[in-house]
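Okay, structure.cif now, which holds mmCIF, C-alpha atoms:
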data_run
loop_
_atom_site.label_atom_id
_atom_site.label_comp_id
_atom_site.auth_asym_id
_atom_site.auth_seq_id
_atom_site.Cartn_x
_atom_site.Cartn_y
_atom_site.Cartn_z
CA MET Z 291 -172.70 17.02 -18.45
CA THR Z 292 -172.73 17.95 -14.81
CA SER Z 293 -172.02 15.53 -11.98
CA LEU Z 294 -175.01 14.85 -9.81
CA PRO Z 295 -174.55 14.23 -6.10
CA ILE Z 296 -174.05 10.59 -5.24
CA ASP Z 297 -176.61 8.87 -3.07
CA PRO Z 298 -174.74 8.49 0.24
CA SER Z 299 -176.83 5.45 1.11
CA ALA Z 300 -175.27 3.51 -1.76
CA ALA Z 301 -172.03 2.89 0.10
CA THR Z 302 -173.70 1.35 3.12
CA SER Z 303 -176.46 -0.62 1.41
CA PRO Z 304 -175.90 -4.38 1.60
CA THR Z 305 -176.56 -4.55 -2.13
CA ALA Z 306 -173.71 -2.16 -3.01
CA LEU Z 307 -169.96 -2.29 -2.56
CA ALA Z 308 -168.24 0.37 -0.49
CA ARG Z 309 -166.55 3.11 -2.47
CA THR Z 310 -162.77 3.34 -2.27
CA PRO Z 311 -160.33 6.02 -3.46
CA ARG Z 312 -160.03 4.05 -6.69
CA THR Z 313 -163.71 3.47 -7.32
CA ARG Z 314 -164.95 6.90 -6.30
CA PRO Z 315 -165.98 8.81 -9.44
CA VAL Z 316 -163.67 11.67 -10.43
CA ARG Z 317 -166.31 13.16 -12.75
CA LEU Z 318 -169.69 12.22 -14.27
CA GLY Z 319 -170.68 10.81 -10.89
CA ASP Z 320 -174.25 10.40 -12.10
CA ARG Z 321 -173.04 7.61 -14.37
CA VAL Z 322 -171.27 5.70 -11.60
CA ASN Z 323 -172.61 3.28 -9.00
CA HIS Z 324 -171.46 0.29 -6.95
CA ASP Z 325 -174.51 -1.91 -7.24
CA LEU Z 326 -173.53 -5.53 -6.72
CA ALA Z 327 -176.36 -7.09 -8.76
CA LEU Z 328 -175.44 -4.89 -11.71
CA ILE Z 329 -171.74 -5.75 -11.36
CA HIS Z 330 -172.65 -9.44 -11.39
CA ALA Z 331 -174.93 -9.02 -14.43
CA ILE Z 332 -172.23 -7.23 -16.44
CA ILE Z 333 -169.62 -9.88 -15.60
CA ASP Z 334 -172.11 -12.62 -16.54
CA GLU Z 335 -172.89 -11.00 -19.90
CA ALA Z 336 -169.41 -9.87 -20.96
CA PRO Z 337 -167.62 -12.31 -23.29
CA ILE Z 338 -164.38 -10.45 -22.76
CA CYS Z 339 -162.57 -8.35 -20.20
CA HIS Z 340 -159.34 -6.36 -20.36
CA VAL Z 341 -156.84 -7.08 -17.62
CA GLY Z 342 -154.41 -4.28 -16.82
CA PHE Z 343 -151.27 -4.83 -14.78
CA VAL Z 344 -147.73 -3.54 -14.56
CA ASP Z 345 -145.01 -5.75 -15.96
CA ASP Z 346 -141.65 -4.88 -14.46
CA ALA Z 347 -139.80 -7.87 -15.88
CA ILE Z 348 -140.09 -7.59 -19.66
CA LYS Z 349 -136.94 -9.12 -21.10
CA GLY Z 350 -135.00 -6.44 -22.97
CA HIS Z 351 -137.23 -3.58 -21.81
CA GLY Z 352 -135.63 -1.46 -19.11
CA ALA Z 353 -138.69 -0.12 -17.31
CA PRO Z 354 -141.99 -1.27 -15.86
CA SER Z 355 -144.76 -1.07 -18.43
CA PRO Z 356 -148.54 -1.13 -18.28
CA MET Z 357 -150.00 -4.13 -20.09
CA VAL Z 358 -153.63 -4.68 -21.08
CA ILE Z 359 -154.60 -8.21 -22.11
CA PRO Z 360 -158.02 -9.38 -23.32
CA THR Z 361 -159.38 -12.61 -21.86
CA ILE Z 362 -162.69 -14.30 -21.02
CA PRO Z 363 -164.17 -13.35 -17.62
CA TRP Z 364 -166.67 -15.42 -15.75
CA ARG Z 365 -168.13 -15.47 -12.27
CA VAL Z 366 -168.32 -18.06 -9.53
CA GLY Z 367 -170.29 -16.62 -6.63
CA GLU Z 368 -168.53 -13.52 -5.38
CA GLU Z 369 -165.39 -13.95 -7.48
CA LEU Z 370 -164.43 -12.98 -11.00
CA MET Z 371 -162.41 -15.71 -12.67
CA ILE Z 372 -159.89 -15.60 -15.50
CA HIS Z 373 -157.76 -18.40 -16.86
CA GLY Z 374 -155.08 -19.20 -19.36
CA ALA Z 375 -151.92 -21.13 -19.93
CA SER Z 376 -149.94 -21.55 -16.73
CA SER Z 377 -146.96 -20.22 -18.71
CA SER Z 378 -148.68 -16.99 -19.75
CA ARG Z 379 -146.92 -13.79 -18.82
CA MET Z 380 -150.04 -12.19 -17.42
CA LEU Z 381 -150.99 -15.09 -15.18
CA ARG Z 382 -147.44 -15.44 -13.89
CA ARG Z 383 -147.12 -11.74 -13.04
CA LEU Z 384 -150.47 -11.72 -11.26
CA GLN Z 385 -149.57 -14.84 -9.28
CA GLU Z 386 -146.38 -13.10 -8.17
CA GLY Z 387 -148.55 -10.58 -6.33
CA GLY Z 388 -149.25 -8.13 -9.11
CA GLU Z 389 -152.30 -5.98 -8.78
CA ALA Z 390 -154.84 -5.86 -11.59
CA CYS Z 391 -157.44 -3.47 -12.87
CA ILE Z 392 -159.97 -5.53 -14.81
CA THR Z 393 -162.39 -3.62 -17.02
CA LEU Z 394 -165.43 -5.14 -18.73
CA SER Z 395 -167.28 -3.01 -21.27
CA LEU Z 396 -170.57 -3.78 -22.99
CA ILE Z 397 -171.39 -1.43 -25.85
CA ASP Z 398 -175.08 -0.63 -26.25
CA GLY Z 399 -175.09 2.01 -28.98
CA TRP Z 400 -173.71 5.05 -30.73
CA VAL Z 401 -175.23 8.27 -29.46
CA LEU Z 402 -175.63 10.67 -32.38
CA ALA Z 403 -176.14 14.20 -31.17
CA ARG Z 404 -176.86 17.45 -32.99
CA SER Z 405 -173.57 18.92 -31.79
CA ALA Z 406 -170.26 17.14 -32.38
CA PHE Z 407 -169.48 17.71 -28.69
CA HIS Z 408 -172.37 15.62 -27.34
CA HIS Z 409 -171.75 12.50 -29.42
CA SER Z 410 -171.20 9.55 -27.13
CA VAL Z 411 -171.54 5.83 -26.62
CA ASN Z 412 -174.17 4.01 -24.59
CA TYR Z 413 -172.41 1.37 -22.54
CA ARG Z 414 -172.28 -0.57 -19.29
CA SER Z 415 -168.84 -1.13 -17.80
CA VAL Z 416 -167.28 -2.51 -14.66
CA MET Z 417 -163.84 -1.60 -13.31
CA LEU Z 418 -162.56 -4.03 -10.69
CA PHE Z 419 -159.32 -3.78 -8.70
CA GLY Z 420 -157.57 -6.48 -6.81
CA ARG Z 421 -155.05 -9.23 -6.39
CA PRO Z 422 -156.03 -12.78 -7.29
CA ARG Z 423 -155.74 -16.08 -5.56
CA LEU Z 424 -154.67 -19.11 -7.55
CA VAL Z 425 -157.37 -21.77 -7.71
CA SER Z 426 -155.20 -24.81 -7.09
CA GLU Z 427 -157.40 -27.38 -5.38
CA GLU Z 428 -158.50 -29.84 -8.08
CA ALA Z 429 -162.23 -30.06 -7.35
CA GLU Z 430 -162.55 -26.29 -7.14
CA LYS Z 431 -160.56 -25.85 -10.33
CA ARG Z 432 -162.74 -28.36 -12.19
CA ALA Z 433 -165.89 -26.64 -10.93
CA ALA Z 434 -164.56 -23.25 -12.04
CA LEU Z 435 -163.75 -24.54 -15.53
CA ASP Z 436 -167.19 -26.16 -15.69
CA ALA Z 437 -168.69 -22.75 -14.90
CA LEU Z 438 -166.76 -21.31 -17.84
CA MET Z 439 -168.21 -23.99 -20.14
CA GLU Z 440 -171.69 -23.11 -18.84
CA LYS Z 441 -171.11 -19.45 -19.66
CA ILE Z 442 -170.11 -20.29 -23.23
CA GLU Z 443 -173.11 -22.62 -23.67
CA PRO Z 444 -175.48 -23.64 -20.87
CA GLY Z 445 -175.40 -27.42 -20.45
CA ARG Z 446 -172.05 -27.79 -22.18
CA ALA Z 447 -169.95 -28.79 -19.15
CA ALA Z 448 -171.60 -32.21 -19.01
CA LYS Z 449 -171.13 -32.84 -22.75
CA VAL Z 450 -167.50 -32.00 -23.43
CA ARG Z 451 -164.48 -34.17 -22.76
CA ALA Z 452 -163.40 -32.99 -19.31
CA PRO Z 453 -159.85 -31.73 -18.67
CA ASN Z 454 -157.28 -34.44 -17.99
CA VAL Z 455 -154.55 -34.09 -15.38
CA GLN Z 456 -152.04 -32.71 -17.86
CA GLU Z 457 -154.49 -30.09 -19.16
CA LEU Z 458 -155.44 -29.08 -15.63
CA LYS Z 459 -151.77 -28.56 -14.86
CA ALA Z 460 -151.24 -26.52 -18.02
CA THR Z 461 -154.15 -24.23 -17.09
CA ALA Z 462 -154.04 -21.58 -14.40
CA VAL Z 463 -157.30 -20.25 -12.96
CA LEU Z 464 -157.20 -17.00 -10.99
CA ALA Z 465 -160.03 -15.73 -8.77
CA PHE Z 466 -160.46 -12.04 -7.99
CA PRO Z 467 -162.72 -10.95 -5.13
CA ILE Z 468 -165.60 -8.76 -6.31
CA ALA Z 469 -164.95 -6.30 -3.53
CA GLU Z 470 -163.43 -3.13 -4.97
CA ALA Z 471 -165.39 -2.36 -8.10
CA SER Z 472 -167.65 0.18 -9.71
CA VAL Z 473 -170.11 0.39 -12.57
CA LYS Z 474 -170.13 3.21 -15.10
CA ARG Z 475 -172.87 3.41 -17.68
CA ARG Z 476 -174.69 5.69 -20.05
CA SER Z 477 -178.04 5.10 -21.66
CA GLY Z 478 -180.71 7.07 -23.45
CA PRO Z 479 -180.80 9.77 -26.13
CA PRO Z 480 -178.16 12.46 -26.71
CA GLY Z 481 -177.84 15.30 -24.22
CA ASP Z 482 -177.67 18.24 -26.58
CA ASP Z 483 -177.77 21.81 -25.34
CA PRO Z 484 -181.13 23.62 -25.60
CA GLU Z 485 -179.87 26.03 -28.26
CA ASP Z 486 -178.97 23.13 -30.59
CA MET Z 487 -182.27 21.25 -30.46
CA ALA Z 488 -183.44 22.59 -33.83
CA HIS Z 489 -180.15 21.91 -35.64
CA PRO Z 490 -181.16 20.00 -38.79
CA VAL Z 491 -179.44 16.64 -38.38
CA TRP Z 492 -180.80 13.25 -37.35
CA ALA Z 493 -180.23 12.70 -33.64
CA GLY Z 494 -180.77 9.62 -31.57
CA VAL Z 495 -179.22 6.27 -30.75
CA VAL Z 496 -178.02 3.53 -33.09
CA PRO Z 497 -178.29 0.42 -30.88
CA LEU Z 498 -175.36 -1.98 -31.01
CA ARG Z 499 -175.44 -5.54 -29.81
CA LEU Z 500 -173.05 -8.46 -29.98
CA THR Z 501 -175.12 -10.92 -31.98
CA ALA Z 502 -174.58 -14.62 -32.62
CA GLY Z 503 -174.74 -15.75 -36.24
CA GLU Z 504 -175.51 -19.18 -37.69
CA PRO Z 505 -173.28 -21.76 -35.95
CA GLU Z 506 -170.55 -23.11 -38.27
CA ARG Z 507 -169.94 -26.77 -37.62
CA ASP Z 508 -166.30 -27.87 -37.63
CA PRO Z 509 -165.76 -29.33 -41.12
CA ALA Z 510 -163.84 -32.15 -39.46
CA GLN Z 511 -166.86 -33.18 -37.42
CA VAL Z 512 -168.50 -36.53 -38.02
CA ALA Z 513 -172.15 -35.83 -38.83
CA GLY Z 514 -174.72 -36.72 -36.14
CA MET C 132 -150.78 -25.16 -29.19
CA THR C 133 -147.12 -24.81 -30.09
CA SER C 134 -145.45 -21.59 -31.13
CA LEU C 135 -144.39 -21.57 -34.75
CA PRO C 136 -141.21 -19.77 -35.77
CA ILE C 137 -141.79 -16.14 -36.70
CA ASP C 138 -141.06 -15.02 -40.23
CA PRO C 139 -137.86 -12.98 -39.79
CA SER C 140 -138.73 -10.87 -42.84
CA ALA C 141 -141.73 -9.42 -41.02
CA ALA C 142 -139.64 -7.07 -38.92
CA THR C 143 -137.92 -5.47 -41.87
CA SER C 144 -140.77 -5.36 -44.35
CA PRO C 145 -142.04 -1.80 -44.98
CA THR C 146 -145.56 -3.05 -44.38
CA ALA C 147 -144.85 -4.30 -40.85
CA LEU C 148 -143.72 -2.62 -37.65
CA ALA C 149 -140.47 -3.68 -36.01
CA ARG C 150 -140.82 -6.02 -33.07
CA THR C 151 -139.78 -4.71 -29.66
CA PRO C 152 -139.33 -6.47 -26.32
CA ARG C 153 -142.94 -5.54 -25.54
CA THR C 154 -144.49 -6.64 -28.82
CA ARG C 155 -142.50 -9.82 -29.30
CA PRO C 156 -144.79 -12.81 -28.63
CA VAL C 157 -144.10 -14.71 -25.42
CA ARG C 158 -146.16 -17.69 -26.60
CA LEU C 159 -148.60 -18.60 -29.39
CA GLY C 160 -146.30 -16.77 -31.81
CA ASP C 161 -148.28 -18.14 -34.74
CA ARG C 162 -151.16 -15.89 -33.69
CA VAL C 163 -149.04 -12.73 -33.57
CA ASN C 164 -147.90 -10.38 -36.33
CA HIS C 165 -146.96 -6.73 -36.82
CA ASP C 166 -148.73 -6.06 -40.11
CA LEU C 167 -149.45 -2.35 -40.44
CA ALA C 168 -152.47 -2.65 -42.74
CA LEU C 169 -154.09 -5.09 -40.32
CA ILE C 170 -153.34 -2.82 -37.34
CA HIS C 171 -154.98 0.07 -39.21
CA ALA C 172 -158.01 -2.05 -40.13
CA ILE C 173 -158.57 -3.16 -36.53
CA ILE C 174 -158.30 0.41 -35.22
CA ASP C 175 -160.72 1.59 -37.93
CA GLU C 176 -163.28 -1.10 -37.06
CA ALA C 177 -163.07 -1.05 -33.26
CA PRO C 178 -165.74 1.09 -31.57
CA ILE C 179 -163.87 0.85 -28.30
CA CYS C 180 -160.38 0.45 -26.91
CA HIS C 181 -159.09 -0.10 -23.39
CA VAL C 182 -156.38 2.29 -22.26
CA GLY C 183 -154.07 1.00 -19.54
CA PHE C 184 -151.81 3.28 -17.55
CA VAL C 185 -150.37 3.57 -14.07
CA ASP C 186 -151.90 6.17 -11.80
CA ASP C 187 -149.53 7.16 -9.01
CA ALA C 188 -151.58 10.08 -7.76
CA ILE C 189 -154.92 8.64 -6.69
CA LYS C 190 -156.16 10.78 -3.84
CA GLY C 191 -156.40 8.67 -0.69
CA HIS C 192 -154.71 5.61 -2.23
CA GLY C 193 -151.16 5.14 -1.11
CA ALA C 194 -149.64 3.30 -4.04
CA PRO C 195 -149.49 3.44 -7.82
CA SER C 196 -152.30 1.46 -9.40
CA PRO C 197 -152.96 0.09 -12.86
CA MET C 198 -156.03 1.64 -14.45
CA VAL C 199 -157.91 0.43 -17.54
CA ILE C 200 -160.39 2.85 -19.08
CA PRO C 201 -162.63 2.22 -22.10
CA THR C 202 -162.84 4.94 -24.72
CA ILE C 203 -163.44 5.40 -28.47
CA PRO C 204 -160.33 4.98 -30.63
CA TRP C 205 -159.96 6.38 -34.11
CA ARG C 206 -157.15 6.84 -36.57
CA VAL C 207 -155.72 9.82 -38.39
CA GLY C 208 -152.97 8.64 -40.72
CA GLU C 209 -150.28 6.98 -38.65
CA GLU C 210 -151.69 7.96 -35.26
CA LEU C 211 -154.29 6.44 -32.96
CA MET C 212 -156.43 9.14 -31.38
CA ILE C 213 -158.41 9.20 -28.15
CA HIS C 214 -160.26 12.09 -26.59
CA GLY C 215 -162.24 13.12 -23.58
CA ALA C 216 -162.85 15.87 -21.11
CA SER C 217 -159.70 17.91 -20.51
CA SER C 218 -160.36 17.34 -16.80
CA SER C 219 -160.41 13.53 -17.08
CA ARG C 220 -157.98 11.67 -14.88
CA MET C 221 -156.76 9.46 -17.69
CA LEU C 222 -156.05 12.27 -20.11
CA ARG C 223 -154.29 14.32 -17.45
CA ARG C 224 -152.03 11.45 -16.39
CA LEU C 225 -151.13 10.64 -19.97
CA GLN C 226 -150.35 14.28 -20.71
CA GLU C 227 -148.04 14.31 -17.72
CA GLY C 228 -145.85 11.79 -19.56
CA GLY C 229 -147.56 8.60 -18.56
CA GLU C 230 -147.07 5.62 -20.80
CA ALA C 231 -150.07 3.72 -22.11
CA CYS C 232 -150.85 0.26 -23.34
CA ILE C 233 -153.91 0.53 -25.56
CA THR C 234 -155.65 -2.71 -26.46
CA LEU C 235 -158.41 -3.03 -29.06
CA SER C 236 -160.25 -6.35 -29.27
CA LEU C 237 -162.79 -7.43 -31.88
CA ILE C 238 -164.63 -10.62 -31.00
CA ASP C 239 -165.45 -12.85 -33.95
CA GLY C 240 -166.88 -15.94 -32.30
CA TRP C 241 -167.01 -18.58 -29.61
CA VAL C 242 -164.94 -21.64 -30.48
CA LEU C 243 -166.72 -24.74 -29.17
CA ALA C 244 -164.37 -27.68 -29.01
CA ARG C 245 -164.90 -31.33 -28.15
CA SER C 246 -162.59 -31.01 -25.15
CA ALA C 247 -163.10 -28.35 -22.49
CA PHE C 248 -159.41 -27.49 -22.84
CA HIS C 249 -159.60 -26.36 -26.48
CA HIS C 250 -162.54 -24.00 -26.14
CA SER C 251 -161.50 -20.55 -27.26
CA VAL C 252 -162.54 -17.26 -28.80
CA ASN C 253 -161.97 -16.09 -32.35
CA TYR C 254 -160.78 -12.52 -32.21
CA ARG C 255 -158.58 -9.84 -33.72
CA SER C 256 -156.74 -7.61 -31.28
CA VAL C 257 -154.11 -4.88 -31.32
CA MET C 258 -151.84 -3.96 -28.41
CA LEU C 259 -150.16 -0.60 -28.81
CA PHE C 260 -147.61 0.99 -26.49
CA GLY C 261 -146.59 4.60 -26.33
CA ARG C 262 -146.76 8.09 -24.98
CA PRO C 263 -149.13 10.57 -26.59
CA ARG C 264 -148.78 14.08 -27.84
CA LEU C 265 -151.52 16.58 -27.08
CA VAL C 266 -153.24 17.81 -30.22
CA SER C 267 -153.39 21.51 -29.36
CA GLU C 268 -153.32 23.41 -32.64
CA GLU C 269 -156.92 24.38 -33.43
CA ALA C 270 -157.12 23.34 -37.09
CA GLU C 271 -155.54 19.96 -36.38
CA LYS C 272 -157.82 19.43 -33.39
CA ARG C 273 -160.93 20.26 -35.46
CA ALA C 274 -159.79 17.91 -38.22
CA ALA C 275 -159.20 15.12 -35.69
CA LEU C 276 -162.66 15.56 -34.16
CA ASP C 277 -164.15 15.60 -37.68
CA ALA C 278 -162.44 12.27 -38.31
CA LEU C 279 -164.12 10.90 -35.18
CA MET C 280 -167.53 12.04 -36.50
CA GLU C 281 -166.75 10.31 -39.81
CA LYS C 282 -165.94 7.08 -37.96
CA ILE C 283 -169.27 7.18 -36.13
CA GLU C 284 -171.20 7.92 -39.36
CA PRO C 285 -169.56 8.73 -42.69
CA GLY C 286 -170.63 12.20 -43.86
CA ARG C 287 -171.62 13.31 -40.36
CA ALA C 288 -168.84 15.85 -39.76
CA ALA C 289 -170.38 18.27 -42.27
CA LYS C 290 -173.87 17.94 -40.81
CA VAL C 291 -173.41 18.39 -37.07
CA ARG C 292 -173.02 21.65 -35.20
CA ALA C 293 -169.24 22.03 -35.03
CA PRO C 294 -167.47 22.48 -31.69
CA ASN C 295 -167.34 26.03 -30.37
CA VAL C 296 -164.30 27.53 -28.70
CA GLN C 297 -165.46 26.57 -25.21
CA GLU C 298 -166.14 22.95 -26.23
CA LEU C 299 -162.76 22.70 -27.96
CA LYS C 300 -161.11 23.90 -24.77
CA ALA C 301 -163.06 21.40 -22.67
CA THR C 302 -161.96 18.54 -24.93
CA ALA C 303 -158.48 17.02 -24.97
CA VAL C 304 -157.36 15.00 -27.99
CA LEU C 305 -154.32 12.77 -27.62
CA ALA C 306 -152.43 11.21 -30.53
CA PHE C 307 -150.39 8.02 -30.12
CA PRO C 308 -147.87 7.02 -32.78
CA ILE C 309 -148.69 3.66 -34.36
CA ALA C 310 -145.10 2.54 -33.97
CA GLU C 311 -144.86 -0.08 -31.22
CA ALA C 312 -147.78 -2.40 -31.75
CA SER C 313 -148.72 -5.97 -32.51
CA VAL C 314 -151.72 -7.92 -33.73
CA LYS C 315 -152.90 -11.12 -32.10
CA ARG C 316 -155.71 -13.09 -33.66
CA ARG C 317 -157.36 -16.45 -33.85
CA SER C 318 -159.74 -17.70 -36.50
CA GLY C 319 -161.13 -20.97 -37.74
CA PRO C 320 -162.51 -24.14 -36.16
CA PRO C 321 -161.45 -25.65 -32.82
CA GLY C 322 -158.05 -27.30 -32.54
CA ASP C 323 -159.02 -30.50 -30.76
CA ASP C 324 -156.56 -33.31 -30.24
CA PRO C 325 -156.79 -36.27 -32.67
CA GLU C 326 -157.99 -38.66 -29.96
CA ASP C 327 -161.01 -36.42 -29.21
CA MET C 328 -162.31 -36.03 -32.76
CA ALA C 329 -165.07 -38.61 -32.31
CA HIS C 330 -166.27 -37.27 -28.96
CA PRO C 331 -170.05 -36.88 -29.37
CA VAL C 332 -170.62 -33.16 -28.91
CA TRP C 333 -171.28 -30.42 -31.45
CA ALA C 334 -168.02 -28.64 -32.31
CA GLY C 335 -167.46 -25.55 -34.38
CA VAL C 336 -167.70 -21.79 -34.21
CA VAL C 337 -170.61 -19.60 -33.14
CA PRO C 338 -169.88 -16.35 -35.00
CA LEU C 339 -170.31 -13.16 -33.00
CA ARG C 340 -170.62 -9.72 -34.50
CA LEU C 341 -171.40 -6.28 -33.14
CA THR C 342 -174.58 -5.51 -35.05
CA ALA C 343 -176.46 -2.23 -35.42
CA GLY C 344 -180.19 -2.32 -34.69
CA GLU C 345 -182.98 -0.04 -35.88
CA PRO C 346 -181.95 3.59 -35.17
CA GLU C 347 -183.98 5.17 -32.34
CA ARG C 348 -184.69 8.80 -33.06
CA ASP C 349 -184.35 11.17 -30.11
CA PRO C 350 -187.95 11.65 -28.87
CA ALA C 351 -187.14 15.34 -28.50
CA GLN C 352 -186.33 15.66 -32.19
CA VAL C 353 -188.47 17.83 -34.43
CA ALA C 354 -189.68 15.58 -37.27
CA GLY C 355 -188.19 16.22 -40.70
#
Give the structure from the file, written as C-alpha cells.
Amino acid sequence: MTSLPIDPSAATSPTALARTPRTRPVRLGDRVNHDLALIHAIIDEAPICHVGFVDDAIKGHGAPSPMVIPTIPWRVGEELMIHGASSSRMLRRLQEGGEACITLSLIDGWVLARSAFHHSVNYRSVMLFGRPRLVSEEAEKRAALDALMEKIEPGRAAKVRAPNVQELKATAVLAFPIAEASVKRRSGPPGDDPEDMAHPVWAGVVPLRLTAGEPERDPAQVAG
Amino acid sequence: MTSLPIDPSAATSPTALARTPRTRPVRLGDRVNHDLALIHAIIDEAPICHVGFVDDAIKGHGAPSPMVIPTIPWRVGEELMIHGASSSRMLRRLQEGGEACITLSLIDGWVLARSAFHHSVNYRSVMLFGRPRLVSEEAEKRAALDALMEKIEPGRAAKVRAPNVQELKATAVLAFPIAEASVKRRSGPPGDDPEDMAHPVWAGVVPLRLTAGEPERDPAQVAG
C-alpha cells in the first residue's frame, strides 16, 4: 500500500476538523480523513469505545502505566460522552486532568487476499484526543443520560425509571470535545499484487456485522 | 453493585495468573478473574484488540500522549501476537521498550433494565500488560504469520501465497507474554433494585454477536 497525497482542502473545510500532530497520518494516508459527519456517524454507531490514559497512581505499582478501558460512547451535539461509577479509577484519573485517547472501531469484514501479506480487515475507526469536562449540572446530566438511553433503544428514556438523586451522584458523566480526531478506514476487496492475481485461492471479503439476536426477556419480569 | 470477596485460591491455582497491582480489581471484583483458559479463549475469539501505549516522540506535539490503536490479535501458545508494517509508529515505539496495555472486548448484548441506572452491556474482556519481544527469527516469524492466517480462516495458511523475503522484512511481529492479565465480564439479565421490579417497561437482554455475512468474492478473481 502506498500513501496517497492528502487533500489539502480537508483541513480548512467547515465539514472537517483541522489536522494536528497527533491526528496527522504517519502512513496509509489514503485511509485517513477528518470528516466531521463521518466521525459523528461512527460515534453514533459504535456500542463500545476504548479509553486510553496514563495512570501514575496505581497502588503498589511503581511507575506510570498505560491503561485501556472499554466503555459505552455516545454523542450529545459536538461532544463525545462516557460515564461510569463516580468511584471508577478511569473517571477519577480523567477528572484529575488526565488526557485521553479514545478509539472507536467498527469491524466490517475480513479481507482474504491471495497473498498472506495482503490479508486485512475492513473497518471504520475514530481516534479522538482530549481532556474531558465533568457534566455536573443536574439538568444537563439528566439530558446526557437520557441520550444514552436513546442510543441503546430509541424511545427508551421516557419509559425507564429515571435516575434518583443518589444514582445521579454515584454516576459521573464526562464530555470530550470532538475537536482533535481522525477517521481511519478500509473498505473493498483485497489489494493483491498483479503477479498474484492468478494464485488459486478464494479471495474477497467476508462481511462482519454486529447483529442483534432475539431479545431475551428477564425471567423475573412480570408478563405484559 | 457491591464487590464480592475474591477467591484467594485463584492467585495460586496453576490455571490462573497471579494478580498484580495493575490487574487487581478496583471495584466490581465479582466480575474479574485471572483464569488462563478464559483469557486464551477471549484472545482466540477476538478479531480486534486495542493497544494502548504512551508516545513521547510525536513530531510537533510537545508532550507524551496516550495512544490507542486497533489491530488484530492472535495467540501462539502463551503469547499474544500483533503485527503490522515495520515502519508503523506503534510497533516502533513498542520495540523501543514501550509498555503496552492491550484490551480485547467481546460484546455479548445490551442489558435493558427497568431503571436507567442499571442499564449495562454484557461482555467478556481481557486487559493485558507488558512489553513485547520482536519475533525476528525467520522460521518463528513464518509460523506466527501462519497462525494468523489460521485464525482468519482455518486451513488458509497452506493455500495462500506465502510471504516473500521483502514482505517478511516489511512486517514486524511482536509477542507479548500472557503473564499479567485479567478478565472482566458481565452476563445475564439486568440487576434492577427490588423496588423497581414492577416498573412497566420491557427488561432483559438483547444479544449481540459479530456475525459473518455472505462472502463477497473479489470481482477481479478468475472464476474457479
Choose the residue, out of C:Ile309, C:Ile213, C:Ala293, C:Leu243, that has the smallest atom-to-atom separation from Val266 of chain C; count all atoms listed in the file.
->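 Under the stated criterion, the closest residue is C:Ile213.
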Return the single residue from C:Asp324, C:Asp349, C:Glu311, C:Asp166 that is closest to Cys232 of chain C, with distances computed using all atoms listed in the file.
->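 Of C:Asp324, C:Asp349, C:Glu311, C:Asp166, the one nearest Cys232 of chain C, counting all atoms listed in the file, is C:Glu311.
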Take atom CA of Ala274 of chain C and atom CA of Gln226 of chain C and report the distance between them in Å, one decimal.
->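 Distance reported for this atom pair: 20.2 Å.
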Measure the distance from atom CA of Arg162 of chain C to atom CA of Ser251 of chain C in Å and round it to one decimal.
->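 Between these atoms lies a distance of 13.0 Å.
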Two-atom distance - atom CA of Asp161 of chain C, atom CA of Pro422 of chain Z (Å) |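 If I compute the distance from atom CA of Asp161 of chain C to atom CA of Pro422 of chain Z, I get 29.0 Å.
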Check every residue of chain Z for an atom within 7 Å of chain C, counting only C-alpha atoms, and provide those that qualify as a VMD selection string.
-> chain Z and resid 311 to 312 340 342 to 344 348 to 351 356 to 358 390 to 393 404 to 407 449 to 453 457 479 488 491 493 to 508 511 to 512
Go through C:Asn164, C:Arg264, C:Pro285, C:Pro156 and flag the residue nearest Leu222 of chain C, using all atoms listed in the file for the distances.
-> C:Arg264
Which residue gives the smallest distance to His330 of chain Z among Z:Arg476, Z:His373, Z:Arg382, Z:Arg414, with all atoms listed in the file counted?
->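 Of all the options, Z:Arg414 lies closest to His330 of chain Z.
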Using the file's own x, y and z axes, what box holds all listed atoms of segment 457-461 of chain Z with 4 Å on each side, keeping edges along x, y and z, and what are its centre and edge lengths in Å to one decimal, as AutoDock Vina command-line options?
--center_x -153.3 --center_y -27.2 --center_z -17.0 --size_x 12.2 --size_y 13.9 --size_z 12.3
